[in-house]
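Trainee: So here's start_7.pdb, just PDB, N, CA and C atoms:
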ATOM      1  N   GLY A   1     108.296 163.132  85.398
ATOM      2  CA  GLY A   1     109.624 162.560  85.486
ATOM      3  C   GLY A   1     110.195 162.252  84.116
ATOM      4  N   THR A   2     111.405 161.816  84.117
ATOM      5  CA  THR A   2     112.131 161.483  82.903
ATOM      6  C   THR A   2     112.193 159.968  82.750
ATOM      7  N   THR A   3     111.944 159.473  81.551
ATOM      8  CA  THR A   3     112.086 158.045  81.294
ATOM      9  C   THR A   3     113.561 157.689  81.379
ATOM     10  N   LYS A   4     113.886 156.718  82.220
ATOM     11  CA  LYS A   4     115.279 156.369  82.449
ATOM     12  C   LYS A   4     115.622 154.965  81.946
ATOM     13  N   GLN A   5     114.673 154.273  81.348
ATOM     14  CA  GLN A   5     114.906 152.906  80.891
ATOM     15  C   GLN A   5     115.229 152.892  79.390
ATOM     16  N   ALA A   6     116.388 152.362  79.060
ATOM     17  CA  ALA A   6     116.804 152.284  77.657
ATOM     18  C   ALA A   6     115.796 151.487  76.832
ATOM     19  N   ALA A   7     115.263 150.422  77.412
ATOM     20  CA  ALA A   7     114.299 149.580  76.690
ATOM     21  C   ALA A   7     113.041 150.354  76.316
ATOM     22  N   THR A   8     112.659 151.315  77.144
ATOM     23  CA  THR A   8     111.481 152.141  76.841
ATOM     24  C   THR A   8     111.701 152.933  75.559
ATOM     25  N   TYR A   9     112.890 153.506  75.415
ATOM     26  CA  TYR A   9     113.194 154.261  74.199
ATOM     27  C   TYR A   9     113.239 153.345  72.979
ATOM     28  N   ALA A  10     113.807 152.158  73.147
ATOM     29  CA  ALA A  10     113.839 151.195  72.040
ATOM     30  C   ALA A  10     112.418 150.857  71.611
ATOM     31  N   ASP A  11     111.537 150.600  72.583
ATOM     32  CA  ASP A  11     110.135 150.301  72.272
ATOM     33  C   ASP A  11     109.474 151.450  71.520
ATOM     34  N   MET A  12     109.749 152.678  71.945
ATOM     35  CA  MET A  12     109.146 153.847  71.294
ATOM     36  C   MET A  12     109.531 153.931  69.815
ATOM     37  N   MET A  13     110.715 153.415  69.495
ATOM     38  CA  MET A  13     111.216 153.486  68.126
ATOM     39  C   MET A  13     111.044 152.178  67.375
ATOM     40  N   SER A  14     110.315 151.251  67.970
ATOM     41  CA  SER A  14     110.089 149.921  67.369
ATOM     42  C   SER A  14     111.404 149.222  67.011
ATOM     43  N   LEU A  15     112.363 149.339  67.917
ATOM     44  CA  LEU A  15     113.656 148.682  67.767
ATOM     45  C   LEU A  15     113.889 147.778  68.974
ATOM     46  N   SER A  16     114.771 146.799  68.814
ATOM     47  CA  SER A  16     115.203 146.050  69.995
ATOM     48  C   SER A  16     116.244 146.906  70.711
ATOM     49  N   LEU A  17     116.453 146.606  71.970
ATOM     50  CA  LEU A  17     117.485 147.335  72.709
ATOM     51  C   LEU A  17     118.853 147.110  72.061
ATOM     52  N   PHE A  18     119.091 145.904  71.581
ATOM     53  CA  PHE A  18     120.346 145.593  70.894
ATOM     54  C   PHE A  18     120.521 146.504  69.670
ATOM     55  N   GLN A  19     119.452 146.645  68.864
ATOM     56  CA  GLN A  19     119.528 147.503  67.674
ATOM     57  C   GLN A  19     119.798 148.953  68.050
ATOM     58  N   LEU A  20     119.073 149.447  69.060
ATOM     59  CA  LEU A  20     119.253 150.842  69.457
ATOM     60  C   LEU A  20     120.654 151.078  70.013
ATOM     61  N   ASN A  21     121.154 150.145  70.815
ATOM     62  CA  ASN A  21     122.521 150.275  71.336
ATOM     63  C   ASN A  21     123.547 150.241  70.204
ATOM     64  N   SER A  22     123.314 149.413  69.185
ATOM     65  CA  SER A  22     124.226 149.374  68.039
ATOM     66  C   SER A  22     124.266 150.728  67.342
ATOM     67  N   ILE A  23     123.103 151.352  67.197
ATOM     68  CA  ILE A  23     123.022 152.666  66.555
ATOM     69  C   ILE A  23     123.748 153.717  67.376
ATOM     70  N   THR A  24     123.447 153.785  68.678
ATOM     71  CA  THR A  24     124.068 154.832  69.504
ATOM     72  C   THR A  24     125.565 154.610  69.663
ATOM     73  N   LYS A  25     125.990 153.340  69.779
ATOM     74  CA  LYS A  25     127.432 153.074  69.869
ATOM     75  C   LYS A  25     128.135 153.494  68.580
ATOM     76  N   GLY A  26     127.496 153.236  67.458
ATOM     77  CA  GLY A  26     128.089 153.612  66.179
ATOM     78  C   GLY A  26     128.161 155.113  65.982
ATOM     79  N   LEU A  27     127.141 155.828  66.448
ATOM     80  CA  LEU A  27     127.087 157.283  66.249
ATOM     81  C   LEU A  27     127.893 158.061  67.281
ATOM     82  N   VAL A  28     127.769 157.679  68.541
ATOM     83  CA  VAL A  28     128.407 158.477  69.599
ATOM     84  C   VAL A  28     129.309 157.671  70.521
ATOM     85  N   GLY A  29     129.421 156.363  70.268
ATOM     86  CA  GLY A  29     130.325 155.546  71.067
ATOM     87  C   GLY A  29     129.835 155.194  72.450
ATOM     88  N   LYS A  30     128.533 155.353  72.685
ATOM     89  CA  LYS A  30     127.972 155.061  74.010
ATOM     90  C   LYS A  30     126.685 154.277  73.874
ATOM     91  N   THR A  31     126.378 153.506  74.923
ATOM     92  CA  THR A  31     125.098 152.804  74.961
ATOM     93  C   THR A  31     123.987 153.796  75.279
ATOM     94  N   VAL A  32     122.763 153.358  75.064
ATOM     95  CA  VAL A  32     121.609 154.196  75.393
ATOM     96  C   VAL A  32     121.609 154.505  76.886
ATOM     97  N   ALA A  33     121.888 153.505  77.713
ATOM     98  CA  ALA A  33     121.906 153.715  79.167
ATOM     99  C   ALA A  33     122.926 154.787  79.550
ATOM    100  N   ALA A  34     124.100 154.765  78.924
ATOM    101  CA  ALA A  34     125.123 155.772  79.215
ATOM    102  C   ALA A  34     124.657 157.159  78.785
ATOM    103  N   LEU A  35     123.980 157.252  77.654
ATOM    104  CA  LEU A  35     123.447 158.543  77.204
ATOM    105  C   LEU A  35     122.385 159.065  78.162
ATOM    106  N   ILE A  36     121.532 158.178  78.658
ATOM    107  CA  ILE A  36     120.506 158.571  79.619
ATOM    108  C   ILE A  36     121.170 159.075  80.899
ATOM    109  N   GLU A  37     122.172 158.342  81.388
ATOM    110  CA  GLU A  37     122.888 158.778  82.588
ATOM    111  C   GLU A  37     123.540 160.136  82.376
ATOM    112  N   ASP A  38     124.171 160.332  81.224
ATOM    113  CA  ASP A  38     124.794 161.631  80.916
ATOM    114  C   ASP A  38     123.769 162.753  80.973
ATOM    115  N   HIS A  39     122.595 162.502  80.409
ATOM    116  CA  HIS A  39     121.533 163.513  80.403
ATOM    117  C   HIS A  39     121.065 163.820  81.823
ATOM    118  N   ILE A  40     120.865 162.790  82.617
ATOM    119  CA  ILE A  40     120.415 162.985  83.999
ATOM    120  C   ILE A  40     121.459 163.764  84.787
ATOM    121  N   LEU A  41     122.731 163.423  84.614
ATOM    122  CA  LEU A  41     123.786 164.153  85.320
ATOM    123  C   LEU A  41     123.850 165.608  84.878
ATOM    124  N   LEU A  42     123.714 165.859  83.588
ATOM    125  CA  LEU A  42     123.719 167.232  83.089
ATOM    126  C   LEU A  42     122.561 168.034  83.673
ATOM    127  N   GLU A  43     121.375 167.439  83.667
ATOM    128  CA  GLU A  43     120.201 168.121  84.234
ATOM    129  C   GLU A  43     120.375 168.343  85.730
ATOM    130  N   THR A  44     120.933 167.370  86.423
ATOM    131  CA  THR A  44     121.167 167.520  87.862
ATOM    132  C   THR A  44     122.109 168.678  88.126
ATOM    133  N   LYS A  45     123.215 168.744  87.400
ATOM    134  CA  LYS A  45     124.178 169.833  87.582
ATOM    135  C   LYS A  45     123.545 171.180  87.254
ATOM    136  N   ARG A  46     122.731 171.205  86.209
ATOM    137  CA  ARG A  46     122.045 172.450  85.840
ATOM    138  C   ARG A  46     121.145 172.923  86.974
ATOM    139  N   HIS A  47     120.403 171.995  87.567
ATOM    140  CA  HIS A  47     119.516 172.346  88.683
ATOM    141  C   HIS A  47     120.312 172.757  89.923
ATOM    142  N   LEU A  48     121.392 172.031  90.203
ATOM    143  CA  LEU A  48     122.190 172.338  91.395
ATOM    144  C   LEU A  48     122.818 173.724  91.317
ATOM    145  N   LEU A  49     123.303 174.077  90.135
ATOM    146  CA  LEU A  49     124.002 175.354  89.998
ATOM    147  C   LEU A  49     123.085 176.508  89.615
ATOM    148  N   GLY A  50     121.929 176.192  89.030
ATOM    149  CA  GLY A  50     121.063 177.254  88.526
ATOM    150  C   GLY A  50     119.804 177.518  89.325
ATOM    151  N   THR A  51     119.571 176.715  90.357
ATOM    152  CA  THR A  51     118.371 176.910  91.178
ATOM    153  C   THR A  51     118.744 176.773  92.649
ATOM    154  N   PRO A  52     117.912 177.299  93.526
ATOM    155  CA  PRO A  52     118.132 177.106  94.964
ATOM    156  C   PRO A  52     117.438 175.838  95.483
ATOM    157  N   ASN A  53     116.890 175.031  94.586
ATOM    158  CA  ASN A  53     116.097 173.865  94.987
ATOM    159  C   ASN A  53     116.898 172.884  95.838
ATOM    160  N   GLN A  54     116.203 172.267  96.785
ATOM    161  CA  GLN A  54     116.795 171.213  97.602
ATOM    162  C   GLN A  54     117.086 169.999  96.717
ATOM    163  N   VAL A  55     118.040 169.184  97.122
ATOM    164  CA  VAL A  55     118.377 167.973  96.385
ATOM    165  C   VAL A  55     117.142 167.089  96.242
ATOM    166  N   SER A  56     116.324 167.005  97.283
ATOM    167  CA  SER A  56     115.117 166.177  97.212
ATOM    168  C   SER A  56     114.151 166.696  96.147
ATOM    169  N   GLN A  57     114.045 168.004  96.002
ATOM    170  CA  GLN A  57     113.188 168.588  94.964
ATOM    171  C   GLN A  57     113.734 168.268  93.575
ATOM    172  N   ILE A  58     115.040 168.374  93.425
ATOM    173  CA  ILE A  58     115.680 168.085  92.139
ATOM    174  C   ILE A  58     115.468 166.621  91.776
ATOM    175  N   ALA A  59     115.675 165.742  92.743
ATOM    176  CA  ALA A  59     115.476 164.308  92.510
ATOM    177  C   ALA A  59     114.052 164.049  92.025
ATOM    178  N   PHE A  60     113.076 164.640  92.690
ATOM    179  CA  PHE A  60     111.676 164.447  92.314
ATOM    180  C   PHE A  60     111.412 164.991  90.904
ATOM    181  N   GLN A  61     111.964 166.166  90.597
ATOM    182  CA  GLN A  61     111.766 166.774  89.275
ATOM    183  C   GLN A  61     112.345 165.889  88.167
ATOM    184  N   LEU A  62     113.388 165.130  88.493
ATOM    185  CA  LEU A  62     114.029 164.265  87.503
ATOM    186  C   LEU A  62     113.481 162.840  87.533
ATOM    187  N   GLY A  63     112.400 162.644  88.287
ATOM    188  CA  GLY A  63     111.715 161.353  88.263
ATOM    189  C   GLY A  63     112.177 160.334  89.278
ATOM    190  N   TYR A  64     112.927 160.758  90.277
ATOM    191  CA  TYR A  64     113.382 159.850  91.327
ATOM    192  C   TYR A  64     112.509 160.007  92.559
ATOM    193  N   GLU A  65     111.925 158.910  93.013
ATOM    194  CA  GLU A  65     111.138 158.939  94.245
ATOM    195  C   GLU A  65     112.025 158.671  95.453
ATOM    196  N   ASP A  66     113.117 157.924  95.247
ATOM    197  CA  ASP A  66     114.040 157.573  96.322
ATOM    198  C   ASP A  66     115.230 158.529  96.276
ATOM    199  N   VAL A  67     115.215 159.517  97.171
ATOM    200  CA  VAL A  67     116.255 160.547  97.163
ATOM    201  C   VAL A  67     117.620 159.951  97.480
ATOM    202  N   SER A  68     117.673 158.989  98.400
ATOM    203  CA  SER A  68     118.970 158.397  98.751
ATOM    204  C   SER A  68     119.575 157.660  97.553
ATOM    205  N   TYR A  69     118.745 157.000  96.757
ATOM    206  CA  TYR A  69     119.234 156.346  95.538
ATOM    207  C   TYR A  69     119.794 157.391  94.565
ATOM    208  N   PHE A  70     119.071 158.490  94.409
ATOM    209  CA  PHE A  70     119.499 159.587  93.531
ATOM    210  C   PHE A  70     120.861 160.121  93.974
ATOM    211  N   ILE A  71     121.020 160.327  95.275
ATOM    212  CA  ILE A  71     122.286 160.846  95.804
ATOM    213  C   ILE A  71     123.408 159.849  95.569
ATOM    214  N   ARG A  72     123.153 158.543  95.789
ATOM    215  CA  ARG A  72     124.170 157.514  95.546
ATOM    216  C   ARG A  72     124.553 157.459  94.075
ATOM    217  N   PHE A  73     123.551 157.543  93.178
ATOM    218  CA  PHE A  73     123.812 157.553  91.732
ATOM    219  C   PHE A  73     124.734 158.718  91.369
ATOM    220  N   PHE A  74     124.394 159.915  91.843
ATOM    221  CA  PHE A  74     125.185 161.102  91.524
ATOM    222  C   PHE A  74     126.609 160.953  92.060
ATOM    223  N   LYS A  75     126.744 160.520  93.315
ATOM    224  CA  LYS A  75     128.069 160.394  93.925
ATOM    225  C   LYS A  75     128.909 159.351  93.206
ATOM    226  N   LYS A  76     128.279 158.233  92.807
ATOM    227  CA  LYS A  76     129.005 157.186  92.091
ATOM    228  C   LYS A  76     129.564 157.718  90.768
ATOM    229  N   LYS A  77     128.770 158.526  90.061
ATOM    230  CA  LYS A  77     129.181 159.041  88.751
ATOM    231  C   LYS A  77     130.096 160.250  88.846
ATOM    232  N   MET A  78     129.875 161.116  89.836
ATOM    233  CA  MET A  78     130.601 162.382  89.913
ATOM    234  C   MET A  78     131.709 162.405  90.979
ATOM    235  N   GLY A  79     131.675 161.445  91.904
ATOM    236  CA  GLY A  79     132.699 161.405  92.946
ATOM    237  C   GLY A  79     132.406 162.259  94.157
ATOM    238  N   VAL A  80     131.335 163.038  94.095
ATOM    239  CA  VAL A  80     130.920 163.877  95.224
ATOM    240  C   VAL A  80     129.394 163.849  95.318
ATOM    241  N   THR A  81     128.871 164.197  96.477
ATOM    242  CA  THR A  81     127.423 164.281  96.629
ATOM    243  C   THR A  81     126.898 165.507  95.885
ATOM    244  N   PRO A  82     125.602 165.542  95.617
ATOM    245  CA  PRO A  82     125.041 166.736  94.965
ATOM    246  C   PRO A  82     125.312 168.025  95.753
ATOM    247  N   GLU A  83     125.176 167.960  97.075
ATOM    248  CA  GLU A  83     125.427 169.162  97.890
ATOM    249  C   GLU A  83     126.883 169.606  97.801
ATOM    250  N   ALA A  84     127.815 168.651  97.830
ATOM    251  CA  ALA A  84     129.232 168.995  97.714
ATOM    252  C   ALA A  84     129.527 169.590  96.341
ATOM    253  N   PHE A  85     128.911 169.029  95.303
ATOM    254  CA  PHE A  85     129.076 169.573  93.953
ATOM    255  C   PHE A  85     128.617 171.029  93.918
ATOM    256  N   ARG A  86     127.435 171.274  94.469
ATOM    257  CA  ARG A  86     126.871 172.638  94.483
ATOM    258  C   ARG A  86     127.818 173.583  95.236
ATOM    259  N   LYS A  87     128.287 173.170  96.387
ATOM    260  CA  LYS A  87     129.152 174.014  97.218
ATOM    261  C   LYS A  87     130.470 174.299  96.514
ATOM    262  N   ASN A  88     131.054 173.269  95.876
ATOM    263  CA  ASN A  88     132.371 173.422  95.266
ATOM    264  C   ASN A  88     132.363 174.186  93.945
ATOM    265  N   PHE A  89     131.239 174.201  93.236
ATOM    266  CA  PHE A  89     131.230 174.804  91.896
ATOM    267  C   PHE A  89     130.402 176.073  91.787
ATOM    268  N   ARG A  90     129.867 176.539  92.880
ATOM    269  CA  ARG A  90     129.096 177.776  92.829
ATOM    270  C   ARG A  90     130.004 178.951  92.879
TER
END
Reformat the file's structure so that it appears as structure tokens.
Mentor:
Amino acid sequence: GTTKQAATYADMMSLSLFQLNSITKGLVGKTVAALIEDHILLETKRHLLGTPNQVSQIAFQLGYEDVSYFIRFFKKKMGVTPEAFRKNFR
């Protein structure tokens, strides 16, 4: 799976979350959490459009054990479910 906790990345770099967020906001204008979400959404879209995998398989590959949570996350950020995204953009 993919590490999704901003604090984990801060720990890996021996920084506080505040320090890491200051760096990312200064460089790209986003918090670490927002960058992680962007990456997860990009990977999800790549899997949806580039593979025949079921949404549950994609969720598992991206480190989500709760498929319904994964679907809610995607819909909240994208405005459509993963299946609707796949259908509309294929």
Trainee: Hey, what's within 7 Å of segment 55-59 of chain A if we count all atoms listed in the file and toss same-chain stuff fewer than 3 positions away? As a list in words, please?
Mentor: Thr44, His47, Pro52, Leu62, Gly63, Tyr64, Glu65, Asp66, Val67, Phe70, Pro82 and Glu83 of chain A
Trainee: May I have the residues from that selection written out with N, CA and C atoms, as a PDB file, in the coordinates of the input?
Mentor:
ATOM      1  N   THR A  44     120.933 167.370  86.423  1.00  0.00           N
ATOM      2  CA  THR A  44     121.167 167.520  87.862  1.00  0.00           C
ATOM      3  C   THR A  44     122.109 168.678  88.126  1.00  0.00           C
ATOM      4  N   HIS A  47     120.403 171.995  87.567  1.00  0.00           N
ATOM      5  CA  HIS A  47     119.516 172.346  88.683  1.00  0.00           C
ATOM      6  C   HIS A  47     120.312 172.757  89.923  1.00  0.00           C
ATOM      7  N   PRO A  52     117.912 177.299  93.526  1.00  0.00           N
ATOM      8  CA  PRO A  52     118.132 177.106  94.964  1.00  0.00           C
ATOM      9  C   PRO A  52     117.438 175.838  95.483  1.00  0.00           C
ATOM     10  N   LEU A  62     113.388 165.130  88.493  1.00  0.00           N
ATOM     11  CA  LEU A  62     114.029 164.265  87.503  1.00  0.00           C
ATOM     12  C   LEU A  62     113.481 162.840  87.533  1.00  0.00           C
ATOM     13  N   GLY A  63     112.400 162.644  88.287  1.00  0.00           N
ATOM     14  CA  GLY A  63     111.715 161.353  88.263  1.00  0.00           C
ATOM     15  C   GLY A  63     112.177 160.334  89.278  1.00  0.00           C
ATOM     16  N   TYR A  64     112.927 160.758  90.277  1.00  0.00           N
ATOM     17  CA  TYR A  64     113.382 159.850  91.327  1.00  0.00           C
ATOM     18  C   TYR A  64     112.509 160.007  92.559  1.00  0.00           C
ATOM     19  N   GLU A  65     111.925 158.910  93.013  1.00  0.00           N
ATOM     20  CA  GLU A  65     111.138 158.939  94.245  1.00  0.00           C
ATOM     21  C   GLU A  65     112.025 158.671  95.453  1.00  0.00           C
ATOM     22  N   ASP A  66     113.117 157.924  95.247  1.00  0.00           N
ATOM     23  CA  ASP A  66     114.040 157.573  96.322  1.00  0.00           C
ATOM     24  C   ASP A  66     115.230 158.529  96.276  1.00  0.00           C
ATOM     25  N   VAL A  67     115.215 159.517  97.171  1.00  0.00           N
ATOM     26  CA  VAL A  67     116.255 160.547  97.163  1.00  0.00           C
ATOM     27  C   VAL A  67     117.620 159.951  97.480  1.00  0.00           C
ATOM     28  N   PHE A  70     119.071 158.490  94.409  1.00  0.00           N
ATOM     29  CA  PHE A  70     119.499 159.587  93.531  1.00  0.00           C
ATOM     30  C   PHE A  70     120.861 160.121  93.974  1.00  0.00           C
ATOM     31  N   PRO A  82     125.602 165.542  95.617  1.00  0.00           N
ATOM     32  CA  PRO A  82     125.041 166.736  94.965  1.00  0.00           C
ATOM     33  C   PRO A  82     125.312 168.025  95.753  1.00  0.00           C
ATOM     34  N   GLU A  83     125.176 167.960  97.075  1.00  0.00           N
ATOM     35  CA  GLU A  83     125.427 169.162  97.890  1.00  0.00           C
ATOM     36  C   GLU A  83     126.883 169.606  97.801  1.00  0.00           C
TER      37      GLU A  83
END
Trainee: List every residue of segment 11-41 of chain A that DSSP, applied to the backbone of this structure, assigns to helix (DSSP H, G or I), and report them as a PyMOL selection string.
Mentor: chain A and resi 11-12+17-28+32-41
Trainee: Name all residues at most 12 Å from Glu37 of chain A (count only C-alpha atoms; drop same-chain ones fewer than 6 positions away) and give them as JSON, numbers by chain.
Mentor: {"A": [2, 3, 4, 5, 6, 30, 31, 43, 44, 62, 70, 73, 74, 76, 77, 78]}
Trainee: Please, what distance in Å, to one decimal, runs between atom C of Asn53 of chain A and atom CA of Val80 of chain A?
Mentor: 16.7 Å
Trainee: From the set A:Ala33, A:Gln54, A:Phe85, A:Ile71, which residue has the shortest atom-to-atom contact distance to Ala7 of chain A, counting only N, CA and C atoms?
Mentor: A:Ala33
Trainee: Expressed in Å to a single decimal, how great is the separation between atom CA of Ala34 of chain A and atom CA of Phe89 of chain A?
Mentor: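 Computing the Euclidean distance for atom CA of Ala34 of chain A and atom CA of Phe89 of chain A yields 23.7 Å.
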Trainee: For atom CA of Leu20 of chain A and atom CA of Leu35 of chain A, quote the distance in Å rounded to one decimal.
Mentor: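 Those two atoms sit 11.7 Å apart.
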Trainee: Given only N, CA and C atoms as the basis, pick out the residue of A:Ala10, A:Leu49, A:Leu15, A:Asp38 nearest to Arg90 of chain A.
Mentor: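 Comparing A:Ala10, A:Leu49, A:Leu15, A:Asp38 against Arg90 of chain A, the winner is A:Leu49.
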